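J.: Sending over model.cif (mmCIF, C-alpha atoms).
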data_start
loop_
_atom_site.label_atom_id
_atom_site.label_comp_id
_atom_site.auth_asym_id
_atom_site.auth_seq_id
_atom_site.Cartn_x
_atom_site.Cartn_y
_atom_site.Cartn_z
CA MET I 1 2.73 22.08 -6.87
CA TRP I 2 -0.43 23.72 -8.24
CA ARG I 3 0.58 22.84 -11.79
CA ALA I 4 1.09 19.23 -10.69
CA ILE I 5 -2.36 19.25 -9.04
CA PHE I 6 -3.90 20.66 -12.22
CA PHE I 7 -2.36 17.88 -14.31
CA MET I 8 -3.52 15.30 -11.77
CA LEU I 9 -7.10 16.59 -11.86
CA ILE I 10 -7.25 16.30 -15.65
CA GLY I 11 -5.90 12.76 -15.45
CA MET I 12 -8.34 11.85 -12.69
CA ILE I 13 -11.27 12.90 -14.91
CA LEU I 14 -10.03 11.00 -17.96
CA ILE I 15 -9.25 7.67 -16.28
CA PRO I 16 -12.80 6.98 -14.95
CA THR I 17 -14.13 7.95 -18.38
CA GLY I 18 -12.05 5.18 -19.93
CA ASP I 19 -13.26 2.71 -17.30
CA ALA I 20 -16.91 3.69 -17.88
CA ALA I 21 -16.45 2.95 -21.60
CA SER I 22 -14.86 -0.39 -20.66
CA LYS I 23 -17.84 -1.25 -18.44
CA LEU I 24 -20.24 -0.51 -21.31
CA LEU I 25 -18.22 -2.75 -23.61
CA SER I 26 -18.26 -5.66 -21.17
CA ASN I 27 -21.82 -5.33 -19.84
CA ALA I 28 -23.72 -4.09 -22.91
CA HIS I 29 -21.70 -5.69 -25.72
CA GLY I 30 -20.27 -8.80 -24.05
CA PHE I 31 -16.59 -7.96 -24.63
CA HIS I 32 -14.17 -9.88 -22.43
CA PRO I 33 -12.28 -7.63 -19.96
CA TYR I 34 -8.89 -8.97 -21.12
CA PHE I 35 -9.59 -7.95 -24.70
CA ILE I 36 -10.73 -4.50 -23.52
CA ALA I 37 -7.52 -4.06 -21.49
CA TRP I 38 -5.39 -4.99 -24.51
CA ALA I 39 -7.37 -2.61 -26.76
CA ARG I 40 -6.79 0.25 -24.32
CA PHE I 41 -3.05 -0.28 -24.52
CA ALA I 42 -2.90 -0.92 -28.27
CA LEU I 43 -5.13 2.01 -29.26
CA GLY I 44 -3.38 4.31 -26.78
CA ALA I 45 -0.01 3.39 -28.28
CA LEU I 46 -1.24 3.96 -31.85
CA LEU I 47 -2.78 7.33 -30.96
CA VAL I 48 0.34 8.68 -29.25
CA LEU I 49 2.98 7.10 -31.52
CA PRO I 50 3.04 9.91 -34.16
CA PHE I 51 3.88 12.45 -31.46
CA ILE I 52 6.82 10.56 -29.92
CA PRO I 53 10.30 11.85 -30.89
CA ARG I 54 12.66 9.13 -32.12
CA SER I 55 15.08 9.97 -29.32
CA CYS I 56 12.51 8.84 -26.73
CA PHE I 57 12.66 5.20 -27.84
CA THR I 58 15.87 4.70 -25.84
CA VAL I 59 13.48 4.33 -22.88
CA PHE I 60 13.12 0.64 -23.78
CA ARG I 61 16.69 0.13 -22.53
CA ASN I 62 15.61 1.18 -19.04
CA PRO I 63 14.57 -1.77 -16.80
CA LEU I 64 12.15 0.53 -14.97
CA ALA I 65 10.17 0.95 -18.18
CA TRP I 66 9.63 -2.82 -18.39
CA ILE I 67 8.66 -3.14 -14.73
CA ARG I 68 6.16 -0.28 -15.13
CA GLY I 69 4.75 -1.92 -18.27
CA VAL I 70 4.17 -5.23 -16.45
CA LEU I 71 2.55 -3.47 -13.48
CA LEU I 72 0.28 -1.47 -15.76
CA ALA I 73 -0.76 -4.58 -17.70
CA VAL I 74 -1.73 -6.36 -14.48
CA GLY I 75 -3.40 -3.31 -12.94
CA ILE I 76 -5.52 -2.28 -15.93
CA SER I 77 -6.52 -5.89 -16.67
CA ALA I 78 -7.60 -6.32 -13.04
CA ILE I 79 -9.63 -3.11 -12.87
CA THR I 80 -11.27 -3.88 -16.22
CA VAL I 81 -12.46 -7.18 -14.75
CA ALA I 82 -13.54 -5.35 -11.59
CA VAL I 83 -15.72 -2.76 -13.35
CA SER I 84 -17.39 -5.54 -15.34
CA LEU I 85 -18.48 -7.18 -12.06
CA ASP I 86 -19.24 -4.29 -9.67
CA ASP I 87 -20.44 -0.70 -9.56
CA LEU I 88 -17.98 1.90 -10.82
CA ALA I 89 -17.83 3.96 -7.61
CA ASP I 90 -17.33 0.92 -5.35
CA VAL I 91 -14.54 -0.40 -7.59
CA PHE I 92 -12.72 2.92 -7.56
CA ALA I 93 -13.07 3.22 -3.81
CA VAL I 94 -11.28 -0.09 -3.21
CA PHE I 95 -8.82 0.69 -6.02
CA PHE I 96 -7.72 3.70 -3.96
CA VAL I 97 -5.60 1.54 -1.73
CA GLY I 98 -3.09 2.52 -4.44
CA PRO I 99 -2.30 6.02 -3.09
CA ILE I 100 -1.65 4.56 0.35
CA ILE I 101 0.79 2.01 -1.06
CA SER I 102 2.43 4.71 -3.18
CA TYR I 103 2.81 6.94 -0.12
CA ILE I 104 4.38 4.20 2.00
CA LEU I 105 6.77 3.07 -0.74
CA ALA I 106 7.83 6.66 -1.45
CA VAL I 107 8.66 7.20 2.22
CA ILE I 108 10.56 3.90 2.58
CA PHE I 109 12.43 3.71 -0.72
CA LEU I 110 12.54 7.29 -2.03
CA LYS I 111 13.10 8.84 1.42
CA GLU I 112 10.43 11.47 0.81
CA THR I 113 9.43 13.68 3.73
CA VAL I 114 6.59 12.49 5.96
CA ASN I 115 3.94 15.13 6.64
CA LEU I 116 1.81 14.27 9.70
CA GLN I 117 -1.25 16.13 8.43
CA ARG I 118 -1.09 14.46 5.03
CA THR I 119 -0.49 11.06 6.67
CA ALA I 120 -3.59 11.56 8.82
CA LEU I 121 -5.66 12.44 5.75
CA LEU I 122 -4.38 9.38 3.93
CA LEU I 123 -5.38 7.18 6.88
CA LEU I 124 -8.81 8.83 6.83
CA GLY I 125 -9.09 7.83 3.20
CA PHE I 126 -8.13 4.27 4.11
CA CYS I 127 -10.94 4.21 6.67
CA GLY I 128 -13.26 5.21 3.84
CA ILE I 129 -12.01 2.26 1.78
CA LEU I 130 -12.67 -0.16 4.67
CA ILE I 131 -16.20 1.20 5.13
CA ILE I 132 -16.99 0.74 1.43
CA ALA I 133 -15.33 -2.65 1.02
CA ARG I 134 -16.38 -4.01 4.44
CA PRO I 135 -14.05 -7.05 4.26
CA GLY I 136 -16.00 -10.17 5.14
CA PHE I 137 -19.35 -8.39 4.75
CA GLY I 138 -20.18 -8.45 1.05
CA PHE I 139 -16.61 -8.30 -0.24
CA SER I 140 -17.03 -9.57 -3.80
CA ALA I 141 -14.75 -10.98 -6.49
CA GLY I 142 -14.99 -7.65 -8.33
CA LEU I 143 -13.70 -5.77 -5.29
CA GLY I 144 -10.91 -8.35 -4.98
CA PHE I 145 -9.78 -7.51 -8.52
CA ALA I 146 -10.04 -3.81 -7.61
CA LEU I 147 -7.75 -4.43 -4.62
CA LEU I 148 -5.22 -6.18 -6.88
CA ALA I 149 -5.42 -3.28 -9.34
CA GLY I 150 -4.89 -0.73 -6.58
CA THR I 151 -1.88 -2.58 -5.19
CA THR I 152 -0.12 -2.81 -8.53
CA TYR I 153 -1.06 0.78 -9.40
CA GLY I 154 0.36 2.13 -6.15
CA THR I 155 3.69 0.48 -6.97
CA PHE I 156 3.43 1.82 -10.52
CA LEU I 157 2.93 5.38 -9.21
CA THR I 158 6.05 5.22 -7.04
CA LEU I 159 8.15 3.90 -9.92
CA SER I 160 6.71 6.68 -12.10
CA ARG I 161 8.24 9.20 -9.72
CA VAL I 162 11.66 7.55 -10.14
CA ALA I 163 11.33 7.04 -13.89
CA ALA I 164 10.17 10.64 -14.47
CA SER I 165 13.57 11.85 -13.29
CA GLN I 166 15.32 9.57 -15.81
CA GLU I 167 13.20 9.67 -18.97
CA GLU I 168 11.03 12.05 -20.98
CA PRO I 169 7.25 11.85 -20.37
CA GLN I 170 6.61 10.86 -24.00
CA GLY I 171 9.08 7.97 -23.68
CA LEU I 172 7.49 6.71 -20.48
CA LEU I 173 4.02 6.89 -22.00
CA ILE I 174 4.82 5.00 -25.21
CA SER I 175 6.89 2.38 -23.37
CA GLN I 176 4.18 1.53 -20.85
CA MET I 177 1.53 1.32 -23.58
CA VAL I 178 3.61 -0.85 -25.94
CA ILE I 179 4.95 -3.19 -23.23
CA ALA I 180 1.50 -3.69 -21.67
CA ALA I 181 -0.03 -4.28 -25.13
CA VAL I 182 2.55 -6.96 -25.94
CA ILE I 183 2.01 -8.71 -22.58
CA THR I 184 -1.79 -8.79 -22.94
CA THR I 185 -1.87 -9.80 -26.65
CA PRO I 186 -2.19 -13.60 -26.05
CA MET I 187 -5.28 -13.09 -23.86
CA ALA I 188 -6.78 -10.66 -26.37
CA LEU I 189 -6.42 -13.22 -29.18
CA MET I 190 -8.26 -15.79 -27.08
CA TYR I 191 -11.26 -13.50 -26.61
CA TRP I 192 -11.30 -11.57 -29.91
CA PRO I 193 -14.88 -10.28 -30.51
CA SER I 194 -16.77 -9.09 -33.58
CA GLN I 195 -16.84 -5.31 -34.03
CA ASN I 196 -19.29 -2.60 -35.09
CA MET I 197 -19.19 1.19 -35.15
CA ALA I 198 -20.57 1.52 -31.62
CA THR I 199 -17.98 -0.81 -30.10
CA LEU I 200 -15.15 0.77 -32.08
CA GLY I 201 -16.21 4.16 -30.75
CA LEU I 202 -16.25 2.90 -27.15
CA LEU I 203 -12.86 1.23 -27.60
CA THR I 204 -11.45 4.51 -28.91
CA VAL I 205 -12.86 6.45 -25.94
CA SER I 206 -11.49 3.84 -23.54
CA GLY I 207 -8.02 3.77 -25.11
CA ALA I 208 -7.68 7.52 -25.63
CA SER I 209 -8.93 8.39 -22.13
CA SER I 210 -6.57 5.89 -20.53
CA MET I 211 -3.59 7.11 -22.57
CA LEU I 212 -4.21 10.81 -21.90
CA GLY I 213 -4.98 10.20 -18.23
CA ASN I 214 -1.67 8.40 -17.77
CA LEU I 215 0.18 11.13 -19.68
CA PHE I 216 -1.10 13.81 -17.29
CA LEU I 217 -0.25 11.57 -14.35
CA ILE I 218 3.35 11.26 -15.58
CA LEU I 219 3.56 15.05 -16.04
CA ALA I 220 2.29 15.57 -12.49
CA TYR I 221 4.72 13.10 -10.91
CA ALA I 222 7.60 14.81 -12.72
CA ARG I 223 6.74 18.01 -10.82
CA ALA I 224 5.91 16.95 -7.25
CA PRO I 225 6.72 14.21 -4.71
CA ALA I 226 4.59 11.06 -4.68
CA THR I 227 3.76 11.59 -0.99
CA ARG I 228 2.05 14.91 -1.81
CA LEU I 229 0.21 13.71 -4.90
CA ALA I 230 -0.98 10.31 -3.64
CA PRO I 231 -4.22 11.44 -1.92
CA ILE I 232 -5.23 13.61 -4.89
CA ILE I 233 -5.89 10.41 -6.83
CA TYR I 234 -9.08 10.19 -4.74
CA PHE I 235 -10.53 12.88 -7.02
CA GLN I 236 -11.27 10.06 -9.47
CA LEU I 237 -14.15 9.19 -7.16
CA ILE I 238 -16.09 12.26 -8.24
CA GLY I 239 -15.90 11.20 -11.87
CA ALA I 240 -16.64 7.54 -11.07
CA LEU I 241 -19.65 8.44 -8.92
CA PHE I 242 -21.05 10.84 -11.52
CA LEU I 243 -20.52 8.46 -14.46
CA GLY I 244 -21.97 5.54 -12.51
CA TRP I 245 -25.10 7.56 -11.76
CA ILE I 246 -25.55 9.08 -15.25
CA ILE I 247 -24.68 6.04 -17.38
CA PHE I 248 -25.48 3.03 -15.20
CA ASP I 249 -28.05 4.50 -12.77
CA THR I 250 -26.14 3.18 -9.77
CA LEU I 251 -25.33 4.89 -6.48
CA PRO I 252 -23.60 3.50 -3.37
CA ASP I 253 -25.66 2.62 -0.30
CA GLY I 254 -25.52 4.64 2.93
CA TRP I 255 -22.28 3.06 4.15
CA GLY I 256 -20.79 3.49 0.70
CA LEU I 257 -21.66 7.19 0.65
CA LEU I 258 -20.07 7.61 4.11
CA GLY I 259 -16.89 5.94 2.85
CA LEU I 260 -16.89 8.08 -0.28
CA GLY I 261 -17.28 11.18 1.87
CA LEU I 262 -14.21 10.27 3.92
CA LEU I 263 -12.23 9.66 0.74
CA LEU I 264 -13.22 13.04 -0.67
CA VAL I 265 -12.29 14.81 2.56
CA SER I 266 -8.93 13.05 2.40
CA GLY I 267 -8.32 14.07 -1.20
CA PHE I 268 -9.50 17.66 -0.95
CA GLY I 269 -7.76 18.17 2.40
CA SER I 270 -4.44 16.97 1.01
CA ALA I 271 -4.78 19.17 -2.06
CA PHE I 272 -5.21 22.31 0.01
CA LEU I 273 -2.61 21.62 2.68
CA ARG I 274 0.24 24.09 2.65
CA ARG I 275 3.63 22.78 1.74
#
Would you give me this structure, written as structure tokens?

T.:
Amino acid sequence: MWRAIFFMLIGMILIPTGDAASKLLSNAHGFHPYFIAWARFALGALLVLPFIPRSCFTVFRNPLAWIRGVLLAVGISAITVAVSLDDLADVFAVFFVGPIISYILAVIFLKETVNLQRTALLLLGFCGILIIARPGFGFSAGLGFALLAGTTYGTFLTLSRVAASQEEPQGLLISQMVIAAVITTPMALMYWPSQNMATLGLLTVSGASSMLGNLFLILAYARAPATRLAPIIYFQLIGALFLGWIIFDTLPDGWGLLGLGLLLVSGFGSAFLRR
């Protein structure tokens, strides 16, 4: 379990880094979020391709690989739009409906054991999401895209648990990157921008961080049940909050900080619960 947590923590640092680079591309350089999403997939696939054994390409025969690719394409496209419209920490807070969905699906469909303490912590995290999002009181289009991203990502996480028992991590990684890149290519062609060294660097950071973050997530889900790992995804909030403050000079308001605090208690509490 501790090895799985370690892999999760690395992934949870890398993923907000990729989203911060995406936000810079959209806000500072005017790149369309759909092009950024495609570039993350395409660059991630190119970076990891030399390290994928030929035997792993049989993964494309697995229907789960295609479902995961579609979910990832929708989820990353949605969160890329979300971070272009709202603050990084607020977007990630609403995005964290994903662990709750993953937990519920794992219990219903994978028959994983329900732990009352971990369930209570997950509900505490959900309260944090409601406080930050405040549905009907300032709920924006950006947070709506974050909610869509979290919903698709929660389903993606549960399927990752199933797929990790059937395929090698390298195969799952290359399949999700290639399938998502193919799906998002038409939108990328519609919004193809001009490039310079700065934007190429940010695209590389975004793509590499996303690819490596998802690799560590796959490695973690191959080692522990989804119900135990789901709340640990809240650790992304630390990275999102820090990056939002350092790069964009944004911090949540008082209610937002209260919600973030509940999410962090939920994540840390779940991580340190005994099996």

J.: Report, in Å with one decimal, the straight-line distance from CA of Ala198 (chain I) to CA of Ala21 (chain I).

T.: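 About the pair CA of Ala198 (chain I) and CA of Ala21 (chain I): they are 10.9 Å apart.
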
J.: Starting from the displayed file, determine the output of the PyMOL selection byres ((chain I and resi 60) around 10) and express the residue list as an NGL selection string.

T.: :I and (56-59 or 61-66 or 171-172 or 174-176 or 178-179)

J.: Using the chain letters and numbers from the file, give me the residues hit by the PyMOL selection byres ((chain I and resi 157) around 10), as a compact mmCIF listing (two decimals) with C-alpha atoms, in the frame of the given file.

T.:
# COMPACT_ATOMS: atom_id res chain seq x y z
CA ARG I 68 6.16 -0.28 -15.13
CA LEU I 71 2.55 -3.47 -13.48
CA LEU I 72 0.28 -1.47 -15.76
CA GLY I 98 -3.09 2.52 -4.44
CA PRO I 99 -2.30 6.02 -3.09
CA ILE I 101 0.79 2.01 -1.06
CA SER I 102 2.43 4.71 -3.18
CA TYR I 103 2.81 6.94 -0.12
CA LEU I 105 6.77 3.07 -0.74
CA ALA I 106 7.83 6.66 -1.45
CA THR I 152 -0.12 -2.81 -8.53
CA TYR I 153 -1.06 0.78 -9.40
CA GLY I 154 0.36 2.13 -6.15
CA THR I 155 3.69 0.48 -6.97
CA PHE I 156 3.43 1.82 -10.52
CA THR I 158 6.05 5.22 -7.04
CA LEU I 159 8.15 3.90 -9.92
CA SER I 160 6.71 6.68 -12.10
CA ARG I 161 8.24 9.20 -9.72
CA VAL I 162 11.66 7.55 -10.14
CA ALA I 163 11.33 7.04 -13.89
CA LEU I 217 -0.25 11.57 -14.35
CA ILE I 218 3.35 11.26 -15.58
CA TYR I 221 4.72 13.10 -10.91
CA ALA I 226 4.59 11.06 -4.68
CA LEU I 229 0.21 13.71 -4.90
CA ALA I 230 -0.98 10.31 -3.64

J.: For this structure, which residues satisfy the selection - the PyMOL selection byres ((chain I and resi 90-95) around 6) - when it is evaluated on the file as given? I want them as a ChimeraX atom specification.

T.: /I:87-89,96-97,129,143,146-147,150

J.: At what distance in Å, to one decimal, does CA of Leu263 (chain I) lie from CA of Leu124 (chain I)?

T.: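 Atom-to-atom, CA of Leu124 (chain I) to CA of Leu263 (chain I), that is 7.0 Å.
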
J.: Please indicate the distance in Å from CA of Met197 (chain I) to CA of Ser77 (chain I), rounded to one decimal place.

T.: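 Interatomic distance, CA of Met197 (chain I) to CA of Ser77 (chain I): 23.5 Å.
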
J.: Restricting the calculation to all atoms listed in the file: of I:Met177, I:Val182, I:Ala188, I:Leu121, which residue gets closest to Asn214 (chain I)?

T.: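 Smallest distance to Asn214 (chain I) is found for I:Met177.
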
J.: If we count all atoms listed in the file and set the cut-off at 8 Å, which residues sit around Met1 (chain I), ignoring sequence neighbours fewer than 4 positions away in its own chain? Please answer as a ChimeraX atom specification.

T.: /I:5,223-224

J.: Choose the residue, out of I:Gly128, I:Ala39, I:Lys111, I:Trp192, that has the smallest atom-to-atom separation from Gly259 (chain I); count all atoms listed in the file.

T.: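 Smallest separation from Gly259 (chain I) among the options: I:Gly128.
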
J.: Smallest atom-to-atom distance to Phe268 (chain I): which of I:Leu46, I:Ile108, I:Ile246, I:Leu122, using all atoms listed in the file?

T.: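 Residue with the minimum atom-to-atom distance to Phe268 (chain I): I:Leu122.
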
J.: Point out the residue among I:Ile131, I:Leu215, I:Val48, I:Gly69 with the least atom-to-atom distance to Leu258 (chain I), counting only C-alpha atoms.

T.: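 Checking each candidate against Leu258 (chain I), we get I:Ile131 as the closest.
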
J.: Measuring between all atoms listed in the file, which one of I:Ala28, I:Leu262, I:Leu43, I:Ala149 shows the shortest distance to Ala73 (chain I)?

T.: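 Answer, going by the shortest atom-to-atom distance: I:Ala149.
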
J.: Of the candidates I:Ala180, I:Leu123, I:Leu202, I:Ile52, which shows the shortest atom-to-atom distance to Val70 (chain I), using all atoms listed in the file?

T.: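 Checking each of I:Ala180, I:Leu123, I:Leu202, I:Ile52 against Val70 (chain I), counting all atoms listed in the file, the winner is I:Ala180.
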
J.: Applying 12 Å and all atoms listed in the file, which residues near Gln195 (chain I) remain after dropping the ones on its own chain fewer than 4 positions away? List them as a tab-separated table (two decimals) with C-alpha atoms, keeping the file's coordinate frame.

T.:
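Once written, out34.tsv looks like this:
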chain	number	residue	atom	x	y	z
I	25	LEU	CA	-18.22	-2.75	-23.61
I	29	HIS	CA	-21.70	-5.69	-25.72
I	30	GLY	CA	-20.27	-8.80	-24.05
I	31	PHE	CA	-16.59	-7.96	-24.63
I	199	THR	CA	-17.98	-0.81	-30.10
I	200	LEU	CA	-15.15	0.77	-32.08
I	201	GLY	CA	-16.21	4.16	-30.75
I	202	LEU	CA	-16.25	2.90	-27.15
I	203	LEU	CA	-12.86	1.23	-27.60
